[in-house]
Each structure stands twice: as structure tokens, then as C-alpha cells.
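The structure under discussion appears below in the form of C-alpha cells.
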2 protein chains.
Amino acid sequence: MILDKVYSPEDVKKLNIKEMQLLAEEIRQFIIKKVNTTGGHFGPNMGIVEATIAMHYVFNSPKDKFIFDVSHQCYPHKFLTGRKEGFTNPDKYYEYTGYTAPEESEHDLFKVGHTSTSVSLAAGVAKARDLKGENYNVIALIGDGSLSGGEALEGLNNGATLNSNFIVIVNDNDQSIAENHGGLYANLKELRENEGKSRNNFFEALGYDYYYVDNGNNIEGLIETFKRVKDINHPVVIHIYTKKGMGFERAEQEREAFHWILPGGLDAAQATQVSESYASITNDYILKKAKEDKTFIAINAATPGVFGWNKDFRKQLGKQYTDVGIAEEHAVAYASALAKMGAKPLFCVMSSFIQRTYDQLSQDLALNNSPLTILVYWGGISSADATHLCTFDIPLISNIPNIVYLAPTTKEEHLKMLDWAVNQTKYPVAIRVPNVDLISTGIEDKTDYSILNKYKLIQNGEKVALIGAGNFYSLAKETADFIEEKSGFKPTVINPVYLTGIDKELLENLKNNHKLVITLEDGEIDGGFGEKITRFYGNSDMRVLNYGSHKEFTDRTPLENLYEKYRLRKELIFEDIKMN
Amino acid sequence: MILDKVYSPEDVKKLNIKEMQLLAEEIRQFIIKKVNTTGGHFGPNMGIVEATIAMHYVFNSPKDKFIFDVSHQCYPHKFLTGRKEGFTNPDKYYEYTGYTAPEESEHDLFKVGHTSTSVSLAAGVAKARDLKGENYNVIALIGDGSLSGGEALEGLNNGATLNSNFIVIVNDNDQSIAENHGGLYANLKELRENEGKSRNNFFEALGYDYYYVDNGNNIEGLIETFKRVKDINHPVVIHIYTKKGMGFERAEQEREAFHWILPGGLDAAQATQVSESYASITNDYILKKAKEDKTFIAINAATPGVFGWNKDFRKQLGKQYTDVGIAEEHAVAYASALAKMGAKPLFCVMSSFIQRTYDQLSQDLALNNSPLTILVYWGGISSADATHLCTFDIPLISNIPNIVYLAPTTKEEHLKMLDWAVNQTKYPVAIRVPNVDLISTGIEDKTDYSILNKYKLIQNGEKVALIGAGNFYSLAKETADFIEEKSGFKPTVINPVYLTGIDKELLENLKNNHKLVITLEDGEIDGGFGEKITRFYGNSDMRVLNYGSHKEFTDRTPLENLYEKYRLRKELIFEDIKMN
């Protein structure tokens, strides 16, 4: 096996073309096996194998700097930079992250997992090189899908002004996570069809020198072009046309389904959602509402799969669906304007990615008080990679004026809130879609959510009141039962519903026969929901304990360990209470 | 006077070319007089007078929708839409905002004051129109400077895919607030030089139909082109070349100085900073440091004037200066990479605009723990327009892991912190530059700021402890003195220094002989600094009161009224204490 001889980029340089082609094949086979076991980004990595080999053959990492965009495509790079056992040895499958990680290797410059950052980061690296009077190549590798993000476009605009070596490889596989959207993609298509020679050229218009490589999976051609731009003294774009999913037939054809897969995803037929979930009931609502109201429109930013919006679903919505591509800022402004003009937009987004659009939430949306509905998915503490944590959305959203942020706890609440949010015309409303298995009471929710900040008193007890928001309502209830069992008194249990405000009357009343209030939220405590409760009681005898995650980036830490650390268990909370 | 006959767009339509030219002259004279009295955006408004008249002549607002970018250029529009007395009648000079404001007129769709939003908002308006089966023109008016912002670029990319009327007027006056930066601007220059006919065309590359108007201050030519695109059935860009500051000679020449002026700014020679300020001492430091260390680099996003970085200052820095243009996301990633590579970047930004880059602060910077220094200017409660509030930066920054956010209270502290931040290599550090007159102790600050979260106990007293952060340290001290005078006991006074962490030891010790802790911060309480203190004491007998601004968008409210409302006066705080 060629791979047996390859430990570092130096070893790649000793191979001939034929050997590199064999190496590519070997790497592919290991990726297939590994990703089918652990899950992970499949299509992007399969497509970039040859380009990665060619990059390491021509350039000299780590002296030359590779900056991977979103790093969904860094597995082949890991094979060639001392980390191949993370793919070849099943015992080490979980040893390395799925993203670039400086703590793993000197060949990785940045910890990256959100898109559209590479060109901006690379511009900074190039500028640092120039200030220090150093001499090396700076190479950003960015996929076509990531290009539409504002940070990438800003970076391209400014990178063009560097009067020095600056190489942007555009890995064009004619696909974002789902299909691409936007005028830029028509231009990329034109460029592919004319082998780089069409009159309109987005990159040249921005001032880049430009090279086109028609077959981005042909090592020989890639090497030839990379050699031409190596040590170049000005900004250049190399546009390479690769095949997403290359080497695994179904992945080549179903490029969206195989962008990222679950363990076993290569064996199974396309995963189908069988049981009812918060996503499935939301989607049923969307289809129904879209039929009833032609101004209803579902919007997302390049991650339809996260919400279970498959091709058939999108087709059914037709013009009542917009995927803006990777462009969360645009998505919020666009949706805000739709709401302002009397349409009924629903923007769905992952908690980790709503971070990409704070100013638009504040200025385009909240300041204009547009009645947009936002569904925030996956919010909560998890064992995710540090780049994809979903614990910051409550501090982020809940301190912006005017926005109403709701935390449903059951199917019935979620549907009622959703319907209220979509049909009301007074506020921007965000709903934190529960990140847990669906809970159904079977009883229709008749709450009037237009009465803002009215908490639900579920169990009227004494001494201790537990306020459990959203996902953690269940923990509040369990803990209350545990306390009752252990201590003989019945604590109060509250579902606060609103993450953005205080039910002063209810909180005031608790003072009568409670000594301690406990808040539980599935996210960062700092700046979050619980601190607002604590502040309310700052001027009283009431004691308050806030539970949630700490202000930190955790990295693939098992959920149970995090719950332990944050004391998010009924036994631990009970211990804390006894200390009081 | 023609203006006497003009109350609404209908009246504009009755004028002939000659009359419209006279009208333009009249509007200019009133803008000169009014802005010289009140201060405001001067250059952008002077340049767009003819285009605004032509827009209202050809299109039918409010049926057709105008969406102004950043709305620095909406004054002529206000003249023509029922608000001219805001300029002609000195008694009404302060009646209207300097930005588009839906509460003022049906001709204003959005409240706007941050840049780069118009194209994204307009895309939403156009989509709403199409969903509702309505029929009107949607026109975004965006300046060349605003084009470099990610939200604008994302919007252009997606707007291109609308299969319906979508008109983007690019108001190119060859100038952002300061000069433009980026590859896009080389293309605009090329287009201007070739009267729109150069081979490379950024807008055509994105799929837009394209028209060029060489003299954007010629009403006749503008009308002709606007008529050609009126009711067009696809996306089009009209690139008009206007003269910033048109009609006021010095403003035409010194385009940066006259972008926005203070009252009296047209009479005075260019304003020069005479007395020492936090900006001036910072700039002295920057120049000195840049000479000593060739890897030191000062970075900003299109607002050098805010920091007192005039042309001479920028020239002195040479390659050690980057203005990325309006591109805050790129600025943070670029600066983070510079720091990571061992250079010493300093990024300066206004509090209101740091909102534009949350995800980059989190992912590109904090997650990578790059030792970047950020100076946040103008943070604090103010009588600013709702679009330019500077009260949200503490909640925004202080809940992101890894970042150290410092609040100096004197000249000596600021310089010591700045020097420490720039030279250390462990953390991203932000410093909230005081938004008050410079205070100097004359005593060198010898604090070691690498000992994180160590508060300064300034006055060791009893019963009540006042923790006054940054700008509000003085208020804490004053209040303590007032309490001592009125009640006879000496309260404790603390300068917390760190907005991002808790000095547990000091706070714990306060429990011994204090009953009440008061926090004071010059910004939003919700999610801010004070709540972290309150949470610390949640589980104790200590009472805590948090002072700061409320979660709301205030709009040109006099500062004294805000202080009254938020009880930010020693007498009011003393009243609150007595209630305890």
C-alpha cells in the first residue's frame, strides 16, 4: 500500500503520478470505511482527495500555509500530515476532530467549523508574513458553497489588494450542502461550461488573476497549475472543478444526502424519519400553512437537511421556499422585509449559525419590529465539536430589545406558539425548537401567547421553586419529584415559556412561601435567562441558583460529563439545595 | 422658489428639467444651512440631490418602494416627501431623524442606520410583492462604500436570482467615509473610466443587467435611464457616478472631512483635536509602537475619523495600517489571523458596529484564542439615534468565552492595559475606551493585568459596596461620597477592571461587613456585567442592585432623561439604598 509509506508531506513529494493516484484510491477506501462507522462529512472529503495530494506535492506545508474553509474537506489533509491512523485504525477513529485543529498538527493553522472564513483568515496570514518580511505561500481552500457568505466575499474584496503572494483555490463541485443559490453560481456554471473562458468572470472583476482546472480530480493537471502559481507575487484564484462524493457512486449522484452522513449511512437507503419529531410536526404545519396562505414562505440558509426539508418538501413549497445559500445575514434582512411587507416568513436556522447574524437581528429585524418568525434548532448543551456548540443563542437573542424568544416544552405548545408567531403582526418571535424527543400531552394548548412574559405555574408548592426552560422543563419536574420524595415537601414547578422577559407578578408571589428559586436552562448561564431572574430577586431575601452551561468552548465532551460538571442532575441539584 | 410648490412626489412630477435643476440648487442651500447648524451627514446628501429628484420624478413612491442604504443620503428624499420644514424652518431642525424612519412617512420603509442592508431588504420586499401578486418597482439605493459589506454582497448574490422587477442603484461617488479599499473598487474605477463598458463588470458577473450613468448629477440623463428600467422584469444595476459634496467646494475636495460634520463644521477650518483625549493618547501610543515594532498594525473598518486617524496619521503608519472598508467580519478574521501569526494587530471599532461581527469574535477569534487587541469606542448610554446606540457591546462581548474585556477608568490605566494587551500572547483582549473626558491621576499604573479578574478595591468601607465599571467608576465614587455625607458611614468603592469575570475572593470578603452591593455599568444591564455579580451572590444574604440601561432602543432621548429613567444619579441611587 502506498499509504504505508506516507507519514508526512515530505513522503508525498517522493511519489510519482501513478503512485499518487493509487494513494488517492487508498485514502478513499479508508474514508468510506471510517465515515460509515463514525459518521461525518463524506461528499466534500471524497471530492478533494486528489487536490489535497497535489497541494502537498507542490507546496511545502507547514512553511507554506493551507487555510481550509469550514474544513469539511480536511480528512485527506489529515491522512498526509501524520494523522492517518485516525482513519486506518478503528481504535483511533475518535482521536482526531473532523475539522482542522492546531492542537493536533502544525499543518493546521486554525480551528474552523463555520463557513466562509478562509479567505479572510488567509489575508491576515499573508499580511503578517509581509509585515515580518517572511516568504512563503498562503493558500486558502474554499468550496463554492462557502463563497456566498458575507465574510468570504468581504475577504475576497480585500484579499485582492494584497500586493503579494495570495492563492485562493475555489473547490467548485457545483453544490453547497444542498444546491447553490445566487447570481455568483450562474457565473461559476458559465465558467465551467467555457472552461474558464467566459466573458464574465466574478474573480477577475474583483481583480484576481485566474486559472481554471477543468478536472479537479486529475492529479497531473492540478500539479501543473499549482506549480504555475507557486511563489506568485500577487492574488490569484485557481478555480478547480471537482466531483463531490467522487469514488462512491451513490454519493456522486445524491450529493446532498451524502454531504454528511450518520454512522452506517453508506449502507442504508436514504434515512427516512419514521417517528414524529419536533421537526416533522413543524414541517406538517409548514406545508399546511403554505397551502392556506400564499404569502407564507419558508426560508433557510443552506441547511435544509437540518430541518428535514428534503427535495420533495421543497418542491411542494415551490415559490414559497427560499434557500439563500450560506448567507445568514441576508436571510434575516430578507425575511424581515418580507414580514414588514405583510408576507408570512418563517426562517429556520441552527443555534450555532444564528451567531452569524447578530447585527441583522438587532437592526434589520428588532429595531424595525418586523413580525418575522425564527425557529432556532438544536439549541442546547451537547457533545458537539467546539466549532458547533449550540449554547450561546439565549444570551445572543434574549438581550436584543423587541424580540420575543419562546421555549416550548411539548408538541402542543410548540404548534400553538408557531401558529401564534406566524399569524401575529406585532413582534419578531423566535422559538427554540426542543432538542429532545417529542413530548405530547395530547391536550390542546389554549394559551394566548400574545400576553407576553406570562409564565406557567405547573405545580404550586412551597419552599423551593424550580423554573425549567424549554428542554430543561423535564429536569425541573424530575428534580421537584425527587425533592418531594426525599424531603417530604412539594416544590413549585414553573414553565417560563418566555426567555426574553420576567413574569414579575408570579415571581413576586413566590416570595410569600419560597426561600429558593432554581433556574434551569439548556445553554450558557452567562447573559442568559436565569440571570434575569436572579437580578429580579437581587433586592430581596430570595436565594437563587442558576443552572446551565458555563462560559466555555467544550470540545466533543460526552454529554454526561458536561451534565455532571454543570450539576444538571436531580441528585446534584438536591445536594446544592441542602447546602442552603 | 420652486421648493414652495413641492410638498410631495406628485409635485415633483409636474416640474420641467429646468425647474428640477433649480429645485436641486434650493435643496442644497437649505442642506448647507441646516447641517451647518445641527451637524449631520453632509457630503453624501449633497451628492444625491439630483438622483433623488429624478427617482421621485420617474417612479411612484410610496407605491414603488425606495430602500436607502444606511440612509446617510436621505435628506433630499425627506424634502420631497412632506418633511421639508425639517430643513427650511430652524424651529423644526430637530424634528426629523437623520435617517429613514417609517414613523415619519409612508415613503420610508425601514429604520436604517447601519450600512449594507438595502439590497437584502429590497430582495425581501420584492419577494413579498411577488408572493402577494402585486405590481410595483423595488429600488435599492446603495453607495459604493456600503457595497463591500458582507450583507450587501450576500444580498446582491441572491437578488440576482429574482425573476422579477429588482432595481439596484449604485451611487458611486468614489468614496466611502474615507477612501475605498478592495478589488471591487478597482472594478468600479475601471467602469467609470470606460463609461460602463470595461470587459470586467462585477455586477454583470453576478447576473445583473447593467446601465451606467456617467454624470449622476445630471437630472436629464438620470431620468432617461430610470425611465428605461422602470417596470423592468428582472434584476438590474444602475451605476451612477455622482460627486460627493456636490455644490460646496471644500466638501467636493475634502470628501472625507465633509462626510459628516459637527455644528459649524462648514465655517470652521478642519476640526483639530486640541486637548488630550483617550483617542489622542491611544494614537500617540500607536505611532510610537509602530515605529518600535514593524509587526504592529492598526486596523479599522471604514471609520478612521472616529478614532482621530487623519490622513497624516495613516500615512505615517504606511503598511502598518489597514482600512478594510465596511467589512467588520473580515476585519476581525483578518486581525485574528495576524495575531495568530505573531504580528501585533490592533483593531479599533465603534461599539455600535462591533455588533456586525459576533460570529467572527466567537469562531475566528475567541475559539482560536488569538492575542488580538480590540479597542471599542463610544460604548455607553447616549442621546444617539436608535440606529447608533452603543449600549449592547458588554452583553455581546462579555458572554463569549476566552475574550478578556477591560474597562479602564483613567489615562494611566488605559495606556497600561493597551500596552499589556498588545504585547501579551495569551488572550483576545478588548478594551472599552472611556467615552468621557480624559481623567489622569498622574501616577503610573503598575497593575499586572495578566492576573485576570482581579478587581481594584479603591476605598475600603462598610455596609454598601459600589462597583463602578469604566465610564461609571466616577459615578460610583460620587455616590459613595454622597452616601458618606448623608449617612455617616463610608461605603466601599471598587473598580472592577474586568467586564468578563468575577473576582470571587474580593466579592466573598465583602460578605463580612456589607449588606448591599451596587453595580454600575454604562450599557445594557440585561446580559451585562452586573448580572454576573448578582448571580455570584444569588446563594447568599447579600443584596444586589444593578444599574445600567434597560433593554430597549432609545431614540435621540436626551442623556439626562435617560439617566433619570435608569436612576443613574447619586441622589436616586441613595433613595434606592434607603429602601433596602
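To be explicit about the labels: the chains of the C-alpha cells are called A, B, and onward in the order shown, and within each one the residues are counted from 1, while ligands get numbers from 1 in the order they are shown.
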According to DSSP computed on the backbone, where in stretch 266-329 of chain B is there alpha helix (DSSP H)? Give the residues as a list in words. Tyr278, Ala279, Ser280, Ile281, Thr282, Asn283, Asp284, Tyr285, Ile286, Leu287, Lys288, Lys289, Ala290, Lys291, Glu292, Lys311, Asp312, Phe313, Arg314, Lys315, Gln316, Leu317, Glu328 and Glu329 of chain B
Could the residues in this selection be saved with N, CA, C and O atoms as an mmCIF file, in the first residue's frame?
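Generated file (result_21.cif):
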data_model
loop_
_atom_site.group_PDB
_atom_site.id
_atom_site.type_symbol
_atom_site.label_atom_id
_atom_site.label_comp_id
_atom_site.auth_asym_id
_atom_site.auth_seq_id
_atom_site.Cartn_x
_atom_site.Cartn_y
_atom_site.Cartn_z
ATOM 1 N N TYR B 278 -8.814 60.343 25.213
ATOM 2 C CA TYR B 278 -8.467 58.924 25.155
ATOM 3 C C TYR B 278 -8.036 58.535 23.746
ATOM 4 O O TYR B 278 -7.159 57.691 23.559
ATOM 5 N N ALA B 279 -8.654 59.184 22.741
ATOM 6 C CA ALA B 279 -8.242 58.888 21.366
ATOM 7 C C ALA B 279 -6.819 59.387 21.116
ATOM 8 O O ALA B 279 -5.993 58.676 20.542
ATOM 9 N N SER B 280 -6.533 60.601 21.575
ATOM 10 C CA SER B 280 -5.208 61.157 21.257
ATOM 11 C C SER B 280 -4.080 60.377 21.941
ATOM 12 O O SER B 280 -3.043 60.128 21.342
ATOM 13 N N ILE B 281 -4.304 59.979 23.182
ATOM 14 C CA ILE B 281 -3.221 59.227 23.851
ATOM 15 C C ILE B 281 -3.065 57.843 23.225
ATOM 16 O O ILE B 281 -1.965 57.300 23.137
ATOM 17 N N THR B 282 -4.193 57.281 22.748
ATOM 18 C CA THR B 282 -4.130 55.997 22.046
ATOM 19 C C THR B 282 -3.322 56.148 20.766
ATOM 20 O O THR B 282 -2.473 55.306 20.439
ATOM 21 N N ASN B 283 -3.572 57.237 20.057
ATOM 22 C CA ASN B 283 -2.892 57.423 18.781
ATOM 23 C C ASN B 283 -1.403 57.701 18.962
ATOM 24 O O ASN B 283 -0.584 57.254 18.152
ATOM 25 N N ASP B 284 -1.051 58.414 20.019
ATOM 26 C CA ASP B 284 0.373 58.594 20.320
ATOM 27 C C ASP B 284 1.029 57.232 20.561
ATOM 28 O O ASP B 284 2.128 56.952 20.075
ATOM 29 N N TYR B 285 0.320 56.404 21.302
ATOM 30 C CA TYR B 285 0.837 55.057 21.568
ATOM 31 C C TYR B 285 1.018 54.282 20.261
ATOM 32 O O TYR B 285 2.041 53.622 20.048
ATOM 33 N N ILE B 286 0.005 54.367 19.404
ATOM 34 C CA ILE B 286 0.042 53.612 18.139
ATOM 35 C C ILE B 286 1.270 54.010 17.308
ATOM 36 O O ILE B 286 2.012 53.148 16.816
ATOM 37 N N LEU B 287 1.501 55.293 17.181
ATOM 38 C CA LEU B 287 2.619 55.747 16.348
ATOM 39 C C LEU B 287 3.956 55.308 16.937
ATOM 40 O O LEU B 287 4.859 54.867 16.213
ATOM 41 N N LYS B 288 4.049 55.405 18.239
ATOM 42 C CA LYS B 288 5.289 55.000 18.911
ATOM 43 C C LYS B 288 5.521 53.493 18.749
ATOM 44 O O LYS B 288 6.601 53.048 18.361
ATOM 45 N N LYS B 289 4.477 52.748 19.007
ATOM 46 C CA LYS B 289 4.598 51.289 18.939
ATOM 47 C C LYS B 289 4.924 50.839 17.512
ATOM 48 O O LYS B 289 5.711 49.908 17.313
ATOM 49 N N ALA B 290 4.294 51.483 16.547
ATOM 50 C CA ALA B 290 4.506 51.101 15.154
ATOM 51 C C ALA B 290 5.972 51.301 14.757
ATOM 52 O O ALA B 290 6.527 50.522 13.976
ATOM 53 N N LYS B 291 6.575 52.353 15.297
ATOM 54 C CA LYS B 291 7.988 52.589 14.985
ATOM 55 C C LYS B 291 8.884 51.542 15.620
ATOM 56 O O LYS B 291 9.835 51.065 15.021
ATOM 57 N N GLU B 292 8.543 51.175 16.839
ATOM 58 C CA GLU B 292 9.364 50.204 17.568
ATOM 59 C C GLU B 292 9.238 48.784 17.034
ATOM 60 O O GLU B 292 10.164 47.998 17.107
ATOM 61 N N LYS B 311 -5.421 61.721 7.658
ATOM 62 C CA LYS B 311 -4.589 61.251 6.546
ATOM 63 C C LYS B 311 -3.114 61.200 6.909
ATOM 64 O O LYS B 311 -2.402 60.282 6.526
ATOM 65 N N ASP B 312 -2.673 62.191 7.660
ATOM 66 C CA ASP B 312 -1.269 62.233 8.028
ATOM 67 C C ASP B 312 -0.910 61.040 8.920
ATOM 68 O O ASP B 312 0.125 60.378 8.735
ATOM 69 N N PHE B 313 -1.805 60.750 9.858
ATOM 70 C CA PHE B 313 -1.611 59.620 10.758
ATOM 71 C C PHE B 313 -1.513 58.315 9.950
ATOM 72 O O PHE B 313 -0.610 57.496 10.171
ATOM 73 N N ARG B 314 -2.429 58.158 9.013
ATOM 74 C CA ARG B 314 -2.443 56.933 8.203
ATOM 75 C C ARG B 314 -1.165 56.826 7.365
ATOM 76 O O ARG B 314 -0.610 55.738 7.201
ATOM 77 N N LYS B 315 -0.733 57.967 6.866
ATOM 78 C CA LYS B 315 0.481 57.977 6.039
ATOM 79 C C LYS B 315 1.695 57.560 6.876
ATOM 80 O O LYS B 315 2.539 56.792 6.419
ATOM 81 N N GLN B 316 1.734 58.057 8.085
ATOM 82 C CA GLN B 316 2.855 57.687 8.958
ATOM 83 C C GLN B 316 2.905 56.188 9.215
ATOM 84 O O GLN B 316 3.973 55.604 9.335
ATOM 85 N N LEU B 317 1.725 55.577 9.300
ATOM 86 C CA LEU B 317 1.695 54.134 9.569
ATOM 87 C C LEU B 317 2.042 53.315 8.331
ATOM 88 O O LEU B 317 2.551 52.204 8.441
ATOM 89 N N GLU B 328 -16.680 44.541 8.712
ATOM 90 C CA GLU B 328 -16.261 44.251 10.077
ATOM 91 C C GLU B 328 -15.968 42.776 10.287
ATOM 92 O O GLU B 328 -15.100 42.415 11.096
ATOM 93 N N GLU B 329 -16.704 41.921 9.595
ATOM 94 C CA GLU B 329 -16.463 40.484 9.758
ATOM 95 C C GLU B 329 -15.065 40.136 9.290
ATOM 96 O O GLU B 329 -14.299 39.461 9.970
#
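Within stretch 256-301 of chain A, residues classed as strand (DSSP E or B) by DSSP on backbone coordinates are Trp260, Ile261, Phe296, Ile297, Ala298, Ile299 and Asn300 of chain A.
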Need to verify the contact set: B:Asn512, 12 Å, only C-alpha atoms, exclusion of same-chain residues closer than 6 positions in sequence. Can you return it as a list in words? Gly461, Glu462, Lys463, Val464, Ala465, Glu505, Leu506, Ser540, Asp541 and Met542 of chain B
So, counting only C-alpha atoms, which residue among A:Leu23, A:Leu475, A:Asn539, A:Phe110 is closest to B:Met579?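 Selected residue with least distance to B:Met579: A:Asn539.
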For A:Leu568, find every residue with an atom within 10 Å (counting only C-alpha atoms), except residues of its own chain fewer than 6 positions away, and show them as a PyMOL selection string. chain A and resi 472+475-476+479+520-522+547-549+560-562
Spatial neighbours of A:Asn233, 10 Å, only C-alpha atoms, chain gap at least 6 places, as a PyMOL selection string: chain A and resi 137+162-167
